[in-house]
>>> print(open('run26.pdb').read())   # PDB, C-alpha atoms
MODEL        1
ATOM      1  CA  MET A 242       0.000   0.000   0.000
ATOM      2  CA  LYS A 243       1.089   3.557  -0.464
ATOM      3  CA  ASP A 244       0.157   6.948   0.941
ATOM      4  CA  LYS A 245       1.761  10.394   1.175
ATOM      5  CA  LEU A 246       4.531   9.052   3.468
ATOM      6  CA  GLY A 247       5.440   6.140   1.187
ATOM      7  CA  LEU A 248       5.041   2.377   0.891
ATOM      8  CA  TYR A 249       3.735   0.609   3.960
ATOM      9  CA  TYR A 250       2.214  -2.531   5.388
ATOM     10  CA  TYR A 251       0.420  -3.331   8.643
ATOM     11  CA  PRO A 252       2.932  -5.075  10.926
ATOM     12  CA  PHE A 253       0.107  -6.078  13.260
ATOM     13  CA  PRO A 254      -2.794  -6.770  10.861
ATOM     14  CA  GLN A 255      -5.394  -6.541  13.611
ATOM     15  CA  ASN A 256      -4.285  -2.942  14.348
ATOM     16  CA  LYS A 257      -4.735  -0.604  11.380
ATOM     17  CA  ARG A 258      -3.534   2.345  13.498
ATOM     18  CA  VAL A 259       0.090   1.175  13.136
ATOM     19  CA  LYS A 260       1.947   1.155   9.812
ATOM     20  CA  MET A 261       5.451   0.065   8.867
ATOM     21  CA  TYR A 262       6.973   2.080   6.035
ATOM     22  CA  VAL A 263       9.700   0.645   3.818
ATOM     23  CA  ARG A 264      12.180   2.063   1.340
ATOM     24  CA  HIS A 265      15.368   1.251  -0.538
ATOM     25  CA  PHE A 266      18.195   3.479   0.606
ATOM     26  CA  GLY A 267      21.917   3.101   0.011
ATOM     27  CA  GLY A 268      21.562  -0.450  -1.253
ATOM     28  CA  THR A 269      19.582  -1.702   1.716
ATOM     29  CA  ILE A 270      15.974  -1.896   2.852
ATOM     30  CA  GLU A 271      14.985   0.460   5.636
ATOM     31  CA  PHE A 272      11.949   0.509   7.915
ATOM     32  CA  ARG A 273      10.140   3.261   9.793
ATOM     33  CA  LEU A 274       7.254   2.842  12.181
ATOM     34  CA  TRP A 275       4.198   5.119  12.277
ATOM     35  CA  ASN A 276       1.534   4.978  14.966
ATOM     36  CA  GLN A 277      -1.671   7.005  14.778
ATOM     37  CA  ASP A 278      -1.855   7.036  18.590
ATOM     38  CA  ASP A 279       1.716   8.342  18.945
ATOM     39  CA  PRO A 280       2.316  11.089  16.340
ATOM     40  CA  ASP A 281       5.741  11.934  17.811
ATOM     41  CA  LEU A 282       7.014   8.441  17.031
ATOM     42  CA  TRP A 283       7.556   9.385  13.369
ATOM     43  CA  LYS A 284       9.683  12.375  14.364
ATOM     44  CA  GLU A 285      11.597  10.658  17.163
ATOM     45  CA  HIS A 286      12.536   7.449  15.375
ATOM     46  CA  GLY A 287      14.037   7.660  11.921
ATOM     47  CA  TRP A 288      14.632   5.035   9.286
ATOM     48  CA  LEU A 289      16.293   1.805  10.484
ATOM     49  CA  SER A 290      18.320  -0.535   8.314
ATOM     50  CA  HIS A 291      17.594  -4.227   8.446
ATOM     51  CA  ASP A 292      21.084  -4.870   9.882
ATOM     52  CA  ILE A 293      20.347  -2.666  12.894
ATOM     53  CA  ILE A 294      17.002  -4.385  13.372
ATOM     54  CA  LEU A 295      18.692  -7.795  13.339
ATOM     55  CA  GLN A 296      21.149  -6.657  16.020
ATOM     56  CA  ALA A 297      18.313  -5.376  18.213
ATOM     57  CA  ALA A 298      16.273  -8.542  17.624
ATOM     58  CA  LYS A 299      18.976 -10.617  19.289
ATOM     59  CA  ARG A 300      18.308  -8.746  22.535
ATOM     60  CA  ALA A 301      14.521  -8.472  22.244
ATOM     61  CA  ASP A 302      12.102 -10.307  24.497
ATOM     62  CA  LYS A 303       9.945 -11.843  21.780
ATOM     63  CA  LYS A 304       7.133 -12.435  24.268
ATOM     64  CA  VAL A 305       6.743  -8.656  24.535
ATOM     65  CA  PHE A 306       7.682  -7.574  20.987
ATOM     66  CA  ASP A 307       8.684  -9.761  18.051
ATOM     67  CA  PRO A 308      10.826  -7.722  15.646
ATOM     68  CA  ASP A 309      10.647 -10.488  13.046
ATOM     69  CA  GLN A 310       6.902  -9.923  12.774
ATOM     70  CA  ALA A 311       7.018  -6.133  12.794
ATOM     71  CA  TYR A 312      10.021  -5.778  10.469
ATOM     72  CA  ASP A 313       9.096  -8.365   7.839
ATOM     73  CA  MET A 314      11.717  -8.526   5.082
ATOM     74  CA  GLY A 315       9.530 -10.710   2.874
ATOM     75  CA  VAL A 316       6.683  -8.209   2.897
ATOM     76  CA  ALA A 317       9.098  -5.292   2.473
ATOM     77  CA  ARG A 318      10.748  -6.898  -0.573
ATOM     78  CA  ALA A 319       7.367  -7.689  -2.140
ATOM     79  CA  LEU A 320       6.148  -4.102  -1.689
ATOM     80  CA  LEU A 321       9.320  -2.611  -3.116
ATOM     81  CA  LYS A 322       9.358  -5.023  -6.045
ATOM     82  CA  ALA A 323       5.712  -4.263  -6.882
ATOM     83  CA  GLU A 324       6.549  -0.546  -6.874
ATOM     84  CA  GLU A 325       9.380  -0.937  -9.428
TER      85      GLU A 325
ENDMDL
END
>>> encode(input="run26.pdb", output="structure tokens")
Amino acid sequence: MKDKLGLYYYPFPQNKRVKMYVRHFGGTIEFRLWNQDDPDLWKEHGWLSHDIILQAAKRADKKVFDPDQAYDMGVARALLKAEE
């Protein structure tokens, strides 16, 4: 899907108030989270490369937050490919 901020998907399909934006930048795929209930999130947290997400995922408590679900490389690649 696409809107004025760019390409996105719903990382938590049951919650349409949260979107994950994706882009190609510098030869890598980057992610950026947007939350309708937290408008400052977009300003406070910039684009994250997949490498940084993988590093953080090693330390994450997946019972609380699963980065593999939120930052889905398969979905990101499909969106970017469809946009080409």
>>> closest_residue(input="run26.pdb", among="A:Arg300, A:Arg273, A:Asp309, A:Glu285", to="Tyr250 in chain A", atoms="all atoms listed in the file")
A:Arg273
>>> residues_around(input="run26.pdb", residues="Asp307 in chain A", least_positions_apart="4", cutoff="12 Å", atoms="only C-alpha atoms", output="short mmCIF file (atom, residue, chain, number, x, y, z; two decimals) with C-alpha atoms, keeping the file's coordinate frame")
data_model
loop_
_atom_site.label_atom_id
_atom_site.label_comp_id
_atom_site.auth_asym_id
_atom_site.auth_seq_id
_atom_site.Cartn_x
_atom_site.Cartn_y
_atom_site.Cartn_z
CA PRO A 252 2.93 -5.08 10.93
CA PHE A 253 0.11 -6.08 13.26
CA ILE A 294 17.00 -4.38 13.37
CA LEU A 295 18.69 -7.80 13.34
CA ALA A 297 18.31 -5.38 18.21
CA ALA A 298 16.27 -8.54 17.62
CA LYS A 299 18.98 -10.62 19.29
CA ARG A 300 18.31 -8.75 22.54
CA ALA A 301 14.52 -8.47 22.24
CA ASP A 302 12.10 -10.31 24.50
CA LYS A 303 9.94 -11.84 21.78
CA ALA A 311 7.02 -6.13 12.79
CA TYR A 312 10.02 -5.78 10.47
CA ASP A 313 9.10 -8.36 7.84
#
>>> resolve_selection(input="run26.pdb", expression="the PyMOL selection byres ((chain A and resi 264) around 9)", output="list in words")
Gly247, Leu248, Tyr249, Tyr262, Val263, His265, Phe266, Thr269, Ile270, Glu271, Phe272, Arg273, Trp288, Ala317 and Leu321 of chain A
>>> atom_distance(input="run26.pdb", atom1="CA of Arg258 in chain A", atom2="CA of Asn276 in chain A")
5.9 Å
>>> residues_around(input="run26.pdb", residues="range 278-283 of chain A", least_positions_apart="6", cutoff="12 Å", atoms="only C-alpha atoms", output="PyMOL selection string")
chain A and resi 246+256-262+272+289
>>> atom_distance(input="run26.pdb", atom1="CA of His286 in chain A", atom2="CA of Leu274 in chain A")
7.7 Å
>>> atom_distance(input="run26.pdb", atom1="CA of Lys322 in chain A", atom2="CA of Lys245 in chain A")
18.6 Å
>>> residues_around(input="run26.pdb", residues="Ala323 in chain A", least_positions_apart="4", cutoff="12 Å", atoms="only C-alpha atoms", output="PyMOL selection string")
chain A and resi 242-243+248+316-319
>>> closest_residue(input="run26.pdb", among="A:Ile293, A:Gly267, A:Gln310, A:Glu325", to="Pro254 in chain A", atoms="all atoms listed in the file")
A:Gln310
>>> closest_residue(input="run26.pdb", among="A:Leu320, A:Gly268, A:Gln296, A:Gly287", to="Tyr251 in chain A", atoms="only C-alpha atoms")
A:Leu320
